[in-house]
Each structure stands twice: as structure tokens, then as C-alpha cells.
$ cat structure_10.cif   # mmCIF, C-alpha atoms
data_protein
#
loop_
_atom_site.group_PDB
_atom_site.id
_atom_site.type_symbol
_atom_site.label_atom_id
_atom_site.label_comp_id
_atom_site.auth_asym_id
_atom_site.auth_seq_id
_atom_site.Cartn_x
_atom_site.Cartn_y
_atom_site.Cartn_z
ATOM 1 C CA MET A 1 33.220 -33.172 15.862
ATOM 2 C CA SER A 2 30.580 -35.915 16.065
ATOM 3 C CA LEU A 3 28.074 -33.287 17.224
ATOM 4 C CA LEU A 4 28.422 -31.556 13.856
ATOM 5 C CA ARG A 5 27.305 -34.745 12.133
ATOM 6 C CA THR A 6 24.113 -35.321 14.106
ATOM 7 C CA ARG A 7 20.872 -35.182 12.164
ATOM 8 C CA TRP A 8 19.030 -32.951 14.601
ATOM 9 C CA LEU A 9 21.729 -30.271 14.333
ATOM 10 C CA HIS A 10 21.384 -30.247 10.558
ATOM 11 C CA TRP A 11 17.613 -29.929 10.882
ATOM 12 C CA VAL A 12 17.950 -27.008 13.306
ATOM 13 C CA LEU A 13 20.544 -25.252 11.136
ATOM 14 C CA GLY A 14 18.520 -25.916 7.995
ATOM 15 C CA ILE A 15 15.319 -24.508 9.462
ATOM 16 C CA ALA A 16 17.073 -21.422 10.860
ATOM 17 C CA LEU A 17 19.131 -20.613 7.770
ATOM 18 C CA GLY A 18 16.311 -21.594 5.410
ATOM 19 C CA GLY A 19 13.966 -19.203 7.190
ATOM 20 C CA VAL A 20 16.486 -16.391 6.822
ATOM 21 C CA PHE A 21 16.886 -17.040 3.098
ATOM 22 C CA LEU A 22 13.126 -17.211 2.537
ATOM 23 C CA TYR A 23 12.660 -13.929 4.380
ATOM 24 C CA ALA A 24 15.455 -12.346 2.362
ATOM 25 C CA ALA A 25 14.020 -13.544 -0.949
ATOM 26 C CA TRP A 26 10.443 -12.459 -0.420
ATOM 27 C CA SER A 27 10.490 -8.702 -1.054
ATOM 28 C CA LYS A 28 13.005 -9.046 -3.907
ATOM 29 C CA LEU A 29 10.754 -11.537 -5.660
ATOM 30 C CA LEU A 30 7.779 -9.205 -5.400
ATOM 31 C CA ASP A 31 9.639 -6.444 -7.223
ATOM 32 C CA PRO A 32 13.269 -6.950 -8.274
ATOM 33 C CA ARG A 33 13.725 -3.450 -9.688
ATOM 34 C CA PRO A 34 14.902 -1.716 -6.480
ATOM 35 C CA LEU A 35 17.445 -4.517 -6.148
ATOM 36 C CA VAL A 36 19.144 -3.263 -9.315
ATOM 37 C CA THR A 37 19.948 0.058 -7.717
ATOM 38 C CA ILE A 38 20.961 -1.619 -4.473
ATOM 39 C CA ILE A 39 23.434 -3.873 -6.303
ATOM 40 C CA TRP A 40 24.705 -0.876 -8.235
ATOM 41 C CA GLY A 41 25.187 0.892 -4.915
ATOM 42 C CA TYR A 42 27.836 -1.655 -3.969
ATOM 43 C CA ARG A 43 29.913 -0.288 -6.865
ATOM 44 C CA ILE A 44 31.617 -3.591 -7.570
ATOM 45 C CA LEU A 45 29.954 -4.980 -10.680
ATOM 46 C CA PRO A 46 29.949 -3.233 -14.051
ATOM 47 C CA ALA A 47 26.519 -2.223 -15.352
ATOM 48 C CA GLY A 48 26.053 -5.234 -17.651
ATOM 49 C CA PRO A 49 25.530 -8.166 -15.254
ATOM 50 C CA ILE A 50 23.720 -6.215 -12.532
ATOM 51 C CA ASP A 51 20.282 -6.880 -14.009
ATOM 52 C CA LEU A 52 21.043 -10.583 -14.408
ATOM 53 C CA MET A 53 21.935 -10.747 -10.748
ATOM 54 C CA ALA A 54 18.711 -8.982 -9.761
ATOM 55 C CA ILE A 55 16.710 -11.363 -11.946
ATOM 56 C CA TYR A 56 18.162 -14.652 -10.709
ATOM 57 C CA MET A 57 19.555 -14.101 -7.192
ATOM 58 C CA PRO A 58 16.148 -13.819 -5.435
ATOM 59 C CA TRP A 59 15.089 -17.141 -6.983
ATOM 60 C CA LEU A 60 18.305 -18.774 -5.809
ATOM 61 C CA GLU A 61 17.636 -17.425 -2.305
ATOM 62 C CA LEU A 62 14.083 -18.785 -2.474
ATOM 63 C CA LEU A 63 15.081 -22.282 -3.589
ATOM 64 C CA VAL A 64 17.950 -22.430 -1.123
ATOM 65 C CA GLY A 65 15.519 -21.414 1.629
ATOM 66 C CA VAL A 66 12.920 -24.012 0.646
ATOM 67 C CA CYS A 67 15.493 -26.814 0.332
ATOM 68 C CA LEU A 68 17.172 -26.001 3.658
ATOM 69 C CA LEU A 69 13.840 -25.740 5.398
ATOM 70 C CA THR A 70 12.451 -29.007 4.051
ATOM 71 C CA GLY A 71 15.681 -30.984 4.015
ATOM 72 C CA PHE A 72 15.280 -31.711 0.282
ATOM 73 C CA LYS A 73 18.756 -31.681 -1.305
ATOM 74 C CA ARG A 74 19.930 -29.909 1.819
ATOM 75 C CA ARG A 75 23.638 -30.317 1.178
ATOM 76 C CA ALA A 76 23.429 -28.820 -2.312
ATOM 77 C CA ALA A 77 21.342 -25.976 -0.916
ATOM 78 C CA ALA A 78 24.026 -25.456 1.732
ATOM 79 C CA PHE A 79 26.593 -25.263 -1.077
ATOM 80 C CA TRP A 80 24.657 -22.419 -2.731
ATOM 81 C CA ALA A 81 23.970 -20.767 0.618
ATOM 82 C CA ALA A 82 27.695 -20.769 1.389
ATOM 83 C CA ALA A 83 28.483 -19.425 -2.086
ATOM 84 C CA LEU A 84 25.963 -16.609 -1.682
ATOM 85 C CA LEU A 85 27.172 -15.760 1.813
ATOM 86 C CA VAL A 86 30.830 -15.675 0.730
ATOM 87 C CA MET A 87 29.791 -13.323 -2.075
ATOM 88 C CA PHE A 88 27.833 -11.123 0.364
ATOM 89 C CA GLU A 89 30.773 -11.069 2.787
ATOM 90 C CA LEU A 90 33.160 -9.985 0.036
ATOM 91 C CA ALA A 91 30.797 -7.283 -1.245
ATOM 92 C CA LEU A 92 30.089 -5.926 2.232
ATOM 93 C CA GLY A 93 33.723 -6.223 3.285
ATOM 94 C CA VAL A 94 34.979 -4.316 0.279
ATOM 95 C CA ASN A 95 32.557 -1.489 1.010
ATOM 96 C CA ALA A 96 33.322 -1.558 4.717
ATOM 97 C CA LEU A 97 37.020 -1.163 3.865
ATOM 98 C CA ARG A 98 36.125 1.673 1.510
ATOM 99 C CA GLY A 99 34.238 3.300 4.372
ATOM 100 C CA VAL A 100 31.074 3.305 2.295
ATOM 101 C CA ASN A 101 27.799 2.537 4.010
ATOM 102 C CA VAL A 102 25.755 0.780 1.391
ATOM 103 C CA ALA A 103 22.081 -0.108 1.466
ATOM 104 C CA CYS A 104 22.706 -3.817 1.882
ATOM 105 C CA GLY A 105 19.479 -5.102 0.359
ATOM 106 C CA CYS A 106 19.730 -8.084 2.681
ATOM 107 C CA PHE A 107 16.225 -7.788 4.115
ATOM 108 C CA SER A 108 13.729 -5.205 3.017
ATOM 109 C CA ALA A 109 12.822 -4.048 6.530
ATOM 110 C CA SER A 110 16.290 -3.606 7.996
ATOM 111 C CA ALA A 111 16.839 0.086 7.427
ATOM 112 C CA GLU A 112 18.844 0.610 10.599
ATOM 113 C CA GLU A 113 21.357 -2.045 9.616
ATOM 114 C CA THR A 114 22.263 -0.346 6.361
ATOM 115 C CA HIS A 115 24.450 2.154 8.160
ATOM 116 C CA ASN A 116 26.981 -0.205 9.616
ATOM 117 C CA ALA A 117 28.808 -2.270 7.007
ATOM 118 C CA TRP A 118 31.088 -4.005 9.537
ATOM 119 C CA PHE A 119 28.060 -5.101 11.556
ATOM 120 C CA LEU A 120 26.629 -6.659 8.411
ATOM 121 C CA VAL A 121 29.894 -8.483 7.756
ATOM 122 C CA LEU A 122 29.881 -9.897 11.298
ATOM 123 C CA ARG A 123 26.186 -10.761 11.131
ATOM 124 C CA ASP A 124 26.687 -12.958 8.084
ATOM 125 C CA LEU A 125 29.518 -14.981 9.642
ATOM 126 C CA PRO A 126 27.343 -17.280 11.821
ATOM 127 C CA MET A 127 25.135 -17.927 8.793
ATOM 128 C CA LEU A 128 28.184 -18.819 6.725
ATOM 129 C CA ALA A 129 29.375 -21.135 9.500
ATOM 130 C CA ALA A 130 25.978 -22.874 9.567
ATOM 131 C CA ALA A 131 26.043 -23.354 5.794
ATOM 132 C CA LEU A 132 29.575 -24.760 5.932
ATOM 133 C CA VAL A 133 28.626 -27.237 8.672
ATOM 134 C CA MET A 134 25.751 -28.546 6.532
ATOM 135 C CA LEU A 135 27.987 -28.658 3.465
ATOM 136 C CA LEU A 136 31.201 -30.111 4.909
ATOM 137 C CA CYS A 137 29.924 -32.251 7.798
ATOM 138 C CA PRO A 138 26.984 -34.234 6.442
ATOM 139 C CA PRO A 139 25.293 -36.468 9.018
ATOM 140 C CA ARG A 140 26.580 -40.030 9.001
ATOM 141 C CA ARG A 141 24.133 -42.557 7.618
ATOM 142 C CA ASP A 142 24.174 -44.381 10.946
ATOM 143 C CA ALA A 143 24.056 -41.202 13.012
ATOM 144 C CA PRO A 144 21.431 -41.196 15.742
ATOM 145 C CA ASN A 145 18.549 -38.732 15.457
ATOM 146 C CA SER A 146 19.399 -37.187 18.781
ATOM 147 C CA MET B 1 30.838 -35.484 -4.448
ATOM 148 C CA ARG B 2 29.240 -36.185 -7.819
ATOM 149 C CA GLY B 3 25.839 -36.358 -6.171
ATOM 150 C CA LEU B 4 26.419 -32.983 -4.545
ATOM 151 C CA LEU B 5 27.423 -31.394 -7.839
ATOM 152 C CA ARG B 6 24.444 -32.947 -9.608
ATOM 153 C CA ASP B 7 22.040 -31.631 -6.959
ATOM 154 C CA ALA B 8 23.670 -28.184 -7.042
ATOM 155 C CA ALA B 9 23.305 -28.128 -10.825
ATOM 156 C CA THR B 10 19.646 -29.130 -10.472
ATOM 157 C CA ILE B 11 18.997 -26.201 -8.143
ATOM 158 C CA LEU B 12 20.824 -23.883 -10.541
ATOM 159 C CA ALA B 13 18.754 -25.124 -13.475
ATOM 160 C CA ALA B 14 15.547 -24.490 -11.514
ATOM 161 C CA VAL B 15 16.764 -20.986 -10.665
ATOM 162 C CA LEU B 16 17.516 -20.240 -14.316
ATOM 163 C CA LEU B 17 14.091 -21.536 -15.359
ATOM 164 C CA LEU B 18 12.139 -19.629 -12.706
ATOM 165 C CA GLY B 19 14.144 -16.420 -13.104
ATOM 166 C CA THR B 20 13.807 -16.424 -16.869
ATOM 167 C CA ALA B 21 10.078 -17.163 -16.713
ATOM 168 C CA SER B 22 9.426 -14.478 -14.100
ATOM 169 C CA ASN B 23 11.354 -11.881 -16.062
ATOM 170 C CA LEU B 24 9.039 -12.408 -19.017
ATOM 171 C CA ILE B 25 6.216 -10.867 -16.967
ATOM 172 C CA PRO B 26 6.007 -7.278 -18.287
ATOM 173 C CA ALA B 27 5.171 -5.678 -14.905
ATOM 174 C CA ARG B 28 8.415 -6.862 -13.331
ATOM 175 C CA HIS B 29 10.627 -7.128 -16.398
ATOM 176 C CA LEU B 30 14.263 -6.068 -16.222
ATOM 177 C CA ALA B 31 16.547 -5.656 -19.204
ATOM 178 C CA TRP B 32 18.650 -8.798 -19.548
ATOM 179 C CA TRP B 33 21.931 -6.960 -19.802
ATOM 180 C CA GLY B 34 22.361 -3.844 -17.775
ATOM 181 C CA LYS B 35 20.085 -1.279 -19.372
ATOM 182 C CA GLY B 36 18.938 1.304 -16.891
ATOM 183 C CA THR B 37 21.692 0.653 -14.399
ATOM 184 C CA GLU B 38 23.642 3.779 -15.124
ATOM 185 C CA PRO B 39 24.735 5.635 -12.003
ATOM 186 C CA PRO B 40 22.424 8.460 -10.976
ATOM 187 C CA ALA B 41 23.373 11.622 -12.826
ATOM 188 C CA ALA B 42 22.973 15.179 -11.542
ATOM 189 C CA GLY B 43 20.534 17.055 -13.732
ATOM 190 C CA LYS B 44 19.002 13.889 -15.168
ATOM 191 C CA ASP B 45 18.089 11.902 -12.041
ATOM 192 C CA PHE B 46 18.364 14.533 -9.324
ATOM 193 C CA GLN B 47 19.287 18.130 -8.653
ATOM 194 C CA LEU B 48 21.527 19.138 -5.786
ATOM 195 C CA LEU B 49 20.092 21.775 -3.487
ATOM 196 C CA ASP B 50 21.804 23.676 -0.677
ATOM 197 C CA ALA B 51 20.199 23.916 2.762
ATOM 198 C CA GLY B 52 19.249 27.600 2.476
ATOM 199 C CA SER B 53 17.466 27.067 -0.835
ATOM 200 C CA ALA B 54 15.706 23.993 0.544
ATOM 201 C CA ASP B 55 14.416 26.003 3.503
ATOM 202 C CA SER B 56 13.269 28.836 1.243
ATOM 203 C CA MET B 57 11.401 26.302 -0.841
ATOM 204 C CA ARG B 58 9.871 24.772 2.298
ATOM 205 C CA THR B 59 8.555 28.080 3.558
ATOM 206 C CA SER B 60 7.412 29.547 0.242
ATOM 207 C CA LEU B 61 5.770 26.594 -1.508
ATOM 208 C CA PRO B 62 2.702 24.833 -0.058
ATOM 209 C CA ARG B 63 3.523 21.242 -0.954
ATOM 210 C CA VAL B 64 7.179 20.452 -0.518
ATOM 211 C CA VAL B 65 7.866 16.851 0.557
ATOM 212 C CA PHE B 66 11.087 16.068 2.432
ATOM 213 C CA LEU B 67 12.101 12.402 2.435
ATOM 214 C CA ASP B 68 14.506 11.370 5.199
ATOM 215 C CA THR B 69 16.587 8.282 4.306
ATOM 216 C CA ARG B 70 18.368 7.927 7.652
ATOM 217 C CA ALA B 71 17.759 5.265 10.295
ATOM 218 C CA ALA B 72 14.544 5.504 12.306
ATOM 219 C CA ALA B 73 16.390 6.474 15.510
ATOM 220 C CA GLU B 74 18.133 9.369 13.769
ATOM 221 C CA PHE B 75 14.821 10.524 12.338
ATOM 222 C CA VAL B 76 13.208 10.540 15.785
ATOM 223 C CA ALA B 77 16.154 12.479 17.246
ATOM 224 C CA GLY B 78 15.656 15.320 14.774
ATOM 225 C CA HIS B 79 14.473 15.799 11.190
ATOM 226 C CA VAL B 80 13.518 18.565 8.805
ATOM 227 C CA PRO B 81 10.080 19.838 9.922
ATOM 228 C CA GLY B 82 7.323 17.898 8.188
ATOM 229 C CA ALA B 83 9.690 15.317 6.712
ATOM 230 C CA THR B 84 8.700 11.718 6.058
ATOM 231 C CA ALA B 85 10.996 8.803 6.877
ATOM 232 C CA ILE B 86 11.704 6.413 4.026
ATOM 233 C CA SER B 87 13.869 3.315 3.994
ATOM 234 C CA TYR B 88 15.722 2.720 0.758
ATOM 235 C CA THR B 89 15.731 -1.016 1.446
ATOM 236 C CA ASP B 90 11.968 -1.208 1.832
ATOM 237 C CA LEU B 91 10.730 0.616 -1.245
ATOM 238 C CA PRO B 92 8.174 -1.924 -2.500
ATOM 239 C CA ARG B 93 6.226 -1.527 0.726
ATOM 240 C CA GLN B 94 6.715 2.217 1.098
ATOM 241 C CA LEU B 95 6.272 3.518 -2.417
ATOM 242 C CA THR B 96 2.573 2.716 -2.548
ATOM 243 C CA ALA B 97 0.344 4.109 -5.280
ATOM 244 C CA ALA B 98 -0.991 6.707 -2.818
ATOM 245 C CA ARG B 99 2.533 7.754 -1.818
ATOM 246 C CA LEU B 100 3.630 8.061 -5.441
ATOM 247 C CA THR B 101 0.563 10.172 -6.224
ATOM 248 C CA GLU B 102 1.415 12.426 -3.287
ATOM 249 C CA LEU B 103 4.987 12.787 -4.521
ATOM 250 C CA ARG B 104 3.931 13.485 -8.109
ATOM 251 C CA ASN B 105 1.506 16.179 -6.921
ATOM 252 C CA ALA B 106 4.113 17.862 -4.725
ATOM 253 C CA ASP B 107 5.606 21.201 -5.722
ATOM 254 C CA ALA B 108 9.011 19.720 -4.979
ATOM 255 C CA VAL B 109 10.493 16.569 -3.439
ATOM 256 C CA VAL B 110 13.712 16.883 -1.462
ATOM 257 C CA VAL B 111 15.605 13.730 -0.462
ATOM 258 C CA TYR B 112 18.144 14.006 2.308
ATOM 259 C CA GLY B 113 20.445 11.872 4.441
ATOM 260 C CA ALA B 114 22.926 12.459 7.230
ATOM 261 C CA SER B 115 25.889 14.182 5.642
ATOM 262 C CA GLU B 116 28.029 14.753 2.560
ATOM 263 C CA GLU B 117 27.727 11.115 1.501
ATOM 264 C CA THR B 118 24.585 11.184 -0.660
ATOM 265 C CA ASP B 119 24.814 7.827 -2.460
ATOM 266 C CA ILE B 120 21.562 6.503 -1.050
ATOM 267 C CA GLU B 121 19.756 9.785 -1.671
ATOM 268 C CA GLN B 122 20.895 9.812 -5.292
ATOM 269 C CA LEU B 123 19.796 6.197 -5.753
ATOM 270 C CA LEU B 124 16.401 6.940 -4.212
ATOM 271 C CA ALA B 125 16.009 9.992 -6.460
ATOM 272 C CA GLN B 126 16.858 7.840 -9.471
ATOM 273 C CA GLU B 127 14.332 5.232 -8.380
ATOM 274 C CA LEU B 128 11.623 7.886 -8.012
ATOM 275 C CA ARG B 129 12.423 9.294 -11.436
ATOM 276 C CA ARG B 130 12.136 5.800 -12.933
ATOM 277 C CA ARG B 131 8.664 5.655 -11.451
ATOM 278 C CA GLY B 132 7.574 8.646 -13.436
ATOM 279 C CA MET B 133 8.519 11.594 -11.257
ATOM 280 C CA PRO B 134 10.466 14.661 -12.295
ATOM 281 C CA PRO B 135 14.032 14.620 -10.906
ATOM 282 C CA PRO B 136 13.824 15.157 -7.132
ATOM 283 C CA TYR B 137 16.185 17.418 -5.246
ATOM 284 C CA VAL B 138 18.987 15.978 -3.113
ATOM 285 C CA LEU B 139 19.973 18.075 -0.125
ATOM 286 C CA ALA B 140 23.724 18.654 -0.372
ATOM 287 C CA GLY B 141 25.361 17.878 2.958
ATOM 288 C CA GLY B 142 22.195 16.360 4.412
ATOM 289 C CA VAL B 143 21.120 17.113 7.966
ATOM 290 C CA SER B 144 24.658 18.239 8.842
ATOM 291 C CA ALA B 145 24.389 21.077 6.342
ATOM 292 C CA TRP B 146 20.853 21.855 7.514
ATOM 293 C CA ILE B 147 22.055 22.204 11.112
ATOM 294 C CA GLY B 148 25.134 24.099 9.969
ATOM 295 C CA ALA B 149 22.905 26.654 8.282
ATOM 296 C CA GLY B 150 21.123 27.225 11.630
ATOM 297 C CA LEU B 151 17.841 25.780 10.398
ATOM 298 C CA PRO B 152 15.309 24.144 12.746
ATOM 299 C CA LEU B 153 14.800 20.445 13.339
ATOM 300 C CA GLU B 154 11.688 18.720 14.543
ATOM 301 C CA ARG B 155 11.738 15.774 16.951
ATOM 302 C CA GLY B 156 9.290 12.908 16.886
ATOM 303 C CA ASP B 157 8.313 9.489 15.631
ATOM 304 C CA ALA B 158 8.860 8.251 12.116
ATOM 305 C CA ARG B 159 5.834 8.587 9.890
#
$ encode --input "structure_10.cif" --output "C-alpha cells"
Amino acid sequence: MSLLRTRWLHWVLGIALGGVFLYAAWSKLLDPRPLVTIIWGYRILPAGPIDLMAIYMPWLELLVGVCLLTGFKRRAAAFWAAALLVMFELALGVNALRGVNVACGCFSASAEETHNAWFLVLRDLPMLAAALVMLLCPPRRDAPNS
Amino acid sequence: MRGLLRDAATILAAVLLLGTASNLIPARHLAWWGKGTEPPAAGKDFQLLDAGSADSMRTSLPRVVFLDTRAAAEFVAGHVPGATAISYTDLPRQLTAARLTELRNADAVVVYGASEETDIEQLLAQELRRRGMPPPYVLAGGVSAWIGAGLPLERGDAR
């Protein structure tokens, strides 16, 4: 368990997960409109809040990515990362159970991955685990750097 | 714990500020509450087309554009002759001004996927219509119906 509280592990996890979130945010920030139809495609939310989600979610992904990458307010960023990933898991899982292959909207360039909802569910699990480690096992103040 | 909640609230406040400010930019503005998120509707956003009619259109009209929404590997394995691969999750990069001009100047645009499930094709058709195009056609049954009708496929790289 002490390994989970070492500073270098949190830096590695933060850089890796932060990079993923920054990559995911980029294309949605450039033009959030396709994201509206992607979120609709999940067929979970009613029409009303879908636009709000498309407006704000990419910015949350961006700030979470920046904070994880730089270490600034890393634990709070891990909290939001975990919240987002739990939400993604639920949305993908529901559609996987429905047998519906949604366009996930996770990363703009991942067309092949849109056809396998269970794969997407599994792919997000290590990211969720990384976020939970940073959230629940903060490095001890006296923890060594290595 | 209080520090964590305070930091999380700070991030949330920054998100609300940035998101609100960015949505005031007319070029990327979205309605605040759900306008324009209606499901694609046949007739309004797209028209369903059977494989035989799609092939007749392909052979009789000079500029019919087929858009293939399947994965790149499926496209390479076999697609409607002359079709263009398009990824629904990469539209900002793929729907360039030149591509949209080509689509607007086409005699017809037919969007197709793998099979009976045409959710993605309908969403793509709706997205194209929002960008100023007349309602595209969606191939009912996708490539499965195309093959079932005995129509030819072309092999090769995604374009």
C-alpha cells in the first residue's frame, strides 16, 4: 500500500491521465457541436441538458488534464477525473448492455473503437483506477520522492 | 477533506466561467437548453433509401457521393464503389470547407453503415443537414443490404 502513496507514482499517473484528458478535450473544444449529437446518441439524457453537457464537459476535461499534468490541485482534479470516468463507464455500460454501439466521442480520431462498447468500458477501467489512487491515496507529507 | 472540496469547487467554478464565456462566441454557440437536439427524423434530416435505388442513383447520376461510416478496416475490406470513408467521431477534421462544398454540389449524398442499425448514419445525416445541406439519404440495411441485393463492392484503402 505504501507504493500507492509515493510521490513519483502520483506524478506518473498524473502525467499519463492528464495527457489522456487533454487529448480528449482538444477536438471538443474546437467545435462542441458534433458532441451534442454524440451525447444524444447515447440515448440516456433528455434533450434539455445535452447542450449544457456539450458546453461545459470539454472545459472540465481540459482543466482536469492541465491540473493532473502539472500537479496543481492534483487531488481535486483526480476527484473530477474519477467522477467523469464513472459517468463514462455508466453511459458506455448501459449502451453495451443494450447492445447498441454508440459513437463514444471519447477521442476524435478513434473511429475503430466506436464499434465495441464493451472494449470502451474495459479501456476506461485502468484510467478510473489511476484517478482513484490519486484521489484516495494521497502521498504522505514525509513520503520519499522515489 | 474540506481542502479537497474547496479545490474541487474552484475547478468547477473555472469550468463554469470558461464554458459560459466560450459559448458566447457566435461561431461555436450552442443553445443553453437543448434546442436542436431532437433525434434525427426521417423526411426532415434524412431519407431512407433501399440498396437497389441507391445503385440506380449511382449509375444514372454523375455526382453521387457515398459516405461510409464504418471502421477503416471494414472500409478497406469492401465498400460501395467510389465511396469515401468518414468517421463520425472526427467530424471537425473531416468536414472541411472543401468537403462540404463537394457534398453541397453533389446530386445526392448517401450515408451508409454496416447493417440495419443506422443510428450513426442518421446522426451524421442530421449533422450534415445542420451544416446547410439538403437531407442526405441513409442506406437502409447498410452494406449487408447492398451485398444482399447482389451489388458490387470495391476493395481498397480509406480515402
$ residues_around --input "structure_10.cif" --residues "A:Ala76" --least-positions-apart "2" --cutoff "8 Å" --atoms "all atoms listed in the file" --output "VMD selection string"
(chain A and resid 73 to 74 78 to 80 135) or (chain B and resid 4 to 5 7 to 8 11)
$ resolve_selection --input "structure_10.cif" --expression "the PyMOL selection byres ((chain A and resi 133) around 12)" --output "MDAnalysis selection string"
chainID A and resid 1:7 9:14 17 74:75 78:79 81:82 126:132 134:139
$ interface_residues --input "structure_10.cif" --of "chain B" --to "chain A" --cutoff "8 Å" --atoms "only C-alpha atoms" --output "mmCIF file with C-alpha atoms, in the frame of the given file"
data_model
loop_
_atom_site.group_PDB
_atom_site.id
_atom_site.type_symbol
_atom_site.label_atom_id
_atom_site.label_comp_id
_atom_site.auth_asym_id
_atom_site.auth_seq_id
_atom_site.Cartn_x
_atom_site.Cartn_y
_atom_site.Cartn_z
ATOM 1 C CA LEU B 4 26.419 -32.983 -4.545
ATOM 2 C CA LEU B 5 27.423 -31.394 -7.839
ATOM 3 C CA ASP B 7 22.040 -31.631 -6.959
ATOM 4 C CA ALA B 8 23.670 -28.184 -7.042
ATOM 5 C CA ILE B 11 18.997 -26.201 -8.143
ATOM 6 C CA LEU B 12 20.824 -23.883 -10.541
ATOM 7 C CA VAL B 15 16.764 -20.986 -10.665
ATOM 8 C CA LEU B 16 17.516 -20.240 -14.316
ATOM 9 C CA LEU B 18 12.139 -19.629 -12.706
ATOM 10 C CA GLY B 19 14.144 -16.420 -13.104
ATOM 11 C CA THR B 20 13.807 -16.424 -16.869
ATOM 12 C CA ASN B 23 11.354 -11.881 -16.062
ATOM 13 C CA ARG B 28 8.415 -6.862 -13.331
ATOM 14 C CA LEU B 30 14.263 -6.068 -16.222
ATOM 15 C CA ALA B 31 16.547 -5.656 -19.204
ATOM 16 C CA TRP B 32 18.650 -8.798 -19.548
ATOM 17 C CA TRP B 33 21.931 -6.960 -19.802
ATOM 18 C CA GLY B 34 22.361 -3.844 -17.775
ATOM 19 C CA LYS B 35 20.085 -1.279 -19.372
ATOM 20 C CA THR B 37 21.692 0.653 -14.399
ATOM 21 C CA GLU B 38 23.642 3.779 -15.124
ATOM 22 C CA PRO B 39 24.735 5.635 -12.003
ATOM 23 C CA ARG B 70 18.368 7.927 7.652
ATOM 24 C CA ALA B 71 17.759 5.265 10.295
ATOM 25 C CA ALA B 72 14.544 5.504 12.306
ATOM 26 C CA SER B 87 13.869 3.315 3.994
ATOM 27 C CA TYR B 88 15.722 2.720 0.758
ATOM 28 C CA THR B 89 15.731 -1.016 1.446
ATOM 29 C CA ASP B 90 11.968 -1.208 1.832
ATOM 30 C CA LEU B 91 10.730 0.616 -1.245
ATOM 31 C CA PRO B 92 8.174 -1.924 -2.500
ATOM 32 C CA ASP B 119 24.814 7.827 -2.460
ATOM 33 C CA ILE B 120 21.562 6.503 -1.050
ATOM 34 C CA LEU B 123 19.796 6.197 -5.753
ATOM 35 C CA GLU B 127 14.332 5.232 -8.380
#
$ atom_distance --input "structure_10.cif" --atom1 "atom CA of B:Val110" --atom2 "atom CA of B:Val138"
5.6 Å
$ resolve_selection --input "structure_10.cif" --expression "the PyMOL selection byres ((chain A and resi 121) around 9)" --output "VMD selection string"
chain A and resid 88 to 90 92 to 93 96 116 to 120 122 to 125
$ closest_residue --input "structure_10.cif" --among "B:Leu95, B:Glu154, B:Asp68, B:Pro134" --to "B:Ala114" --atoms "only C-alpha atoms"
B:Asp68
$ residues_around --input "structure_10.cif" --residues "B:Gln47" --least-positions-apart "3" --cutoff "9 Å" --atoms "all atoms listed in the file" --output "PyMOL selection string"
chain B and resi 41-44+135-139
$ atom_distance --input "structure_10.cif" --atom1 "atom CA of A:Leu97" --atom2 "atom CA of B:Gly141"
22.3 Å
$ atom_distance --input "structure_10.cif" --atom1 "atom CA of B:Ala106" --atom2 "atom CA of B:Met133"
10.1 Å
$ residues_around --input "structure_10.cif" --residues "B:Ala149" --least-positions-apart "6" --cutoff "12 Å" --atoms "all atoms listed in the file" --output "JSON, numbers by chain"
{"B": [50, 51, 52, 53, 54, 55, 140, 141, 142, 143]}
$ residues_near_point --input "structure_10.cif" --point "(4.7, 7.1, 1.5)" --cutoff "12 Å" --atoms "all atoms listed in the file" --output "MDAnalysis selection string"
chainID B and resid 65:68 83:88 90:104 128 158:159
$ axis_aligned_box --input "structure_10.cif" --around "stretch 154-158 of chain B" --padding-each-side "3 Å" --output "AutoDock Vina command-line options"
--center_x 10.0 --center_y 13.5 --center_z 14.5 --size_x 9.4 --size_y 16.5 --size_z 10.8
$ closest_residue --input "structure_10.cif" --among "B:Leu61, B:Ala73, B:Leu153, B:Leu124" --to "B:Ala108" --atoms "all atoms listed in the file"
B:Leu61
$ decode --input "structure_10.cif" --residues "stretch 8-33 of chain A" --atoms "C-alpha atoms" --output "CSV table (one decimal), in the first residue's frame"
chain,number,residue,atom,x,y,z
A,8,TRP,CA,6.7,9.6,-8.1
A,9,LEU,CA,3.8,7.3,-8.7
A,10,HIS,CA,1.4,10.2,-8.4
A,11,TRP,CA,3.5,12.2,-10.9
A,12,VAL,CA,3.5,9.3,-13.4
A,13,LEU,CA,-0.3,8.7,-13.0
A,14,GLY,CA,-1.0,12.4,-13.2
A,15,ILE,CA,1.1,12.9,-16.4
A,16,ALA,CA,-0.4,9.8,-18.1
A,17,LEU,CA,-4.1,10.5,-17.2
A,18,GLY,CA,-3.7,14.3,-17.7
A,19,GLY,CA,-2.4,13.7,-21.2
A,20,VAL,CA,-5.4,11.5,-22.0
A,21,PHE,CA,-7.8,14.1,-20.7
A,22,LEU,CA,-6.0,16.9,-22.7
A,23,TYR,CA,-6.2,14.8,-25.8
A,24,ALA,CA,-9.8,14.1,-25.2
A,25,ALA,CA,-10.7,17.7,-24.7
A,26,TRP,CA,-8.9,19.2,-27.6
A,27,SER,CA,-11.3,18.4,-30.6
A,28,LYS,CA,-14.4,19.0,-28.5
A,29,LEU,CA,-13.1,22.5,-27.5
A,30,LEU,CA,-12.5,23.4,-31.2
A,31,ASP,CA,-16.1,22.7,-32.1
A,32,PRO,CA,-18.5,21.4,-29.5
A,33,ARG,CA,-21.5,21.0,-31.9
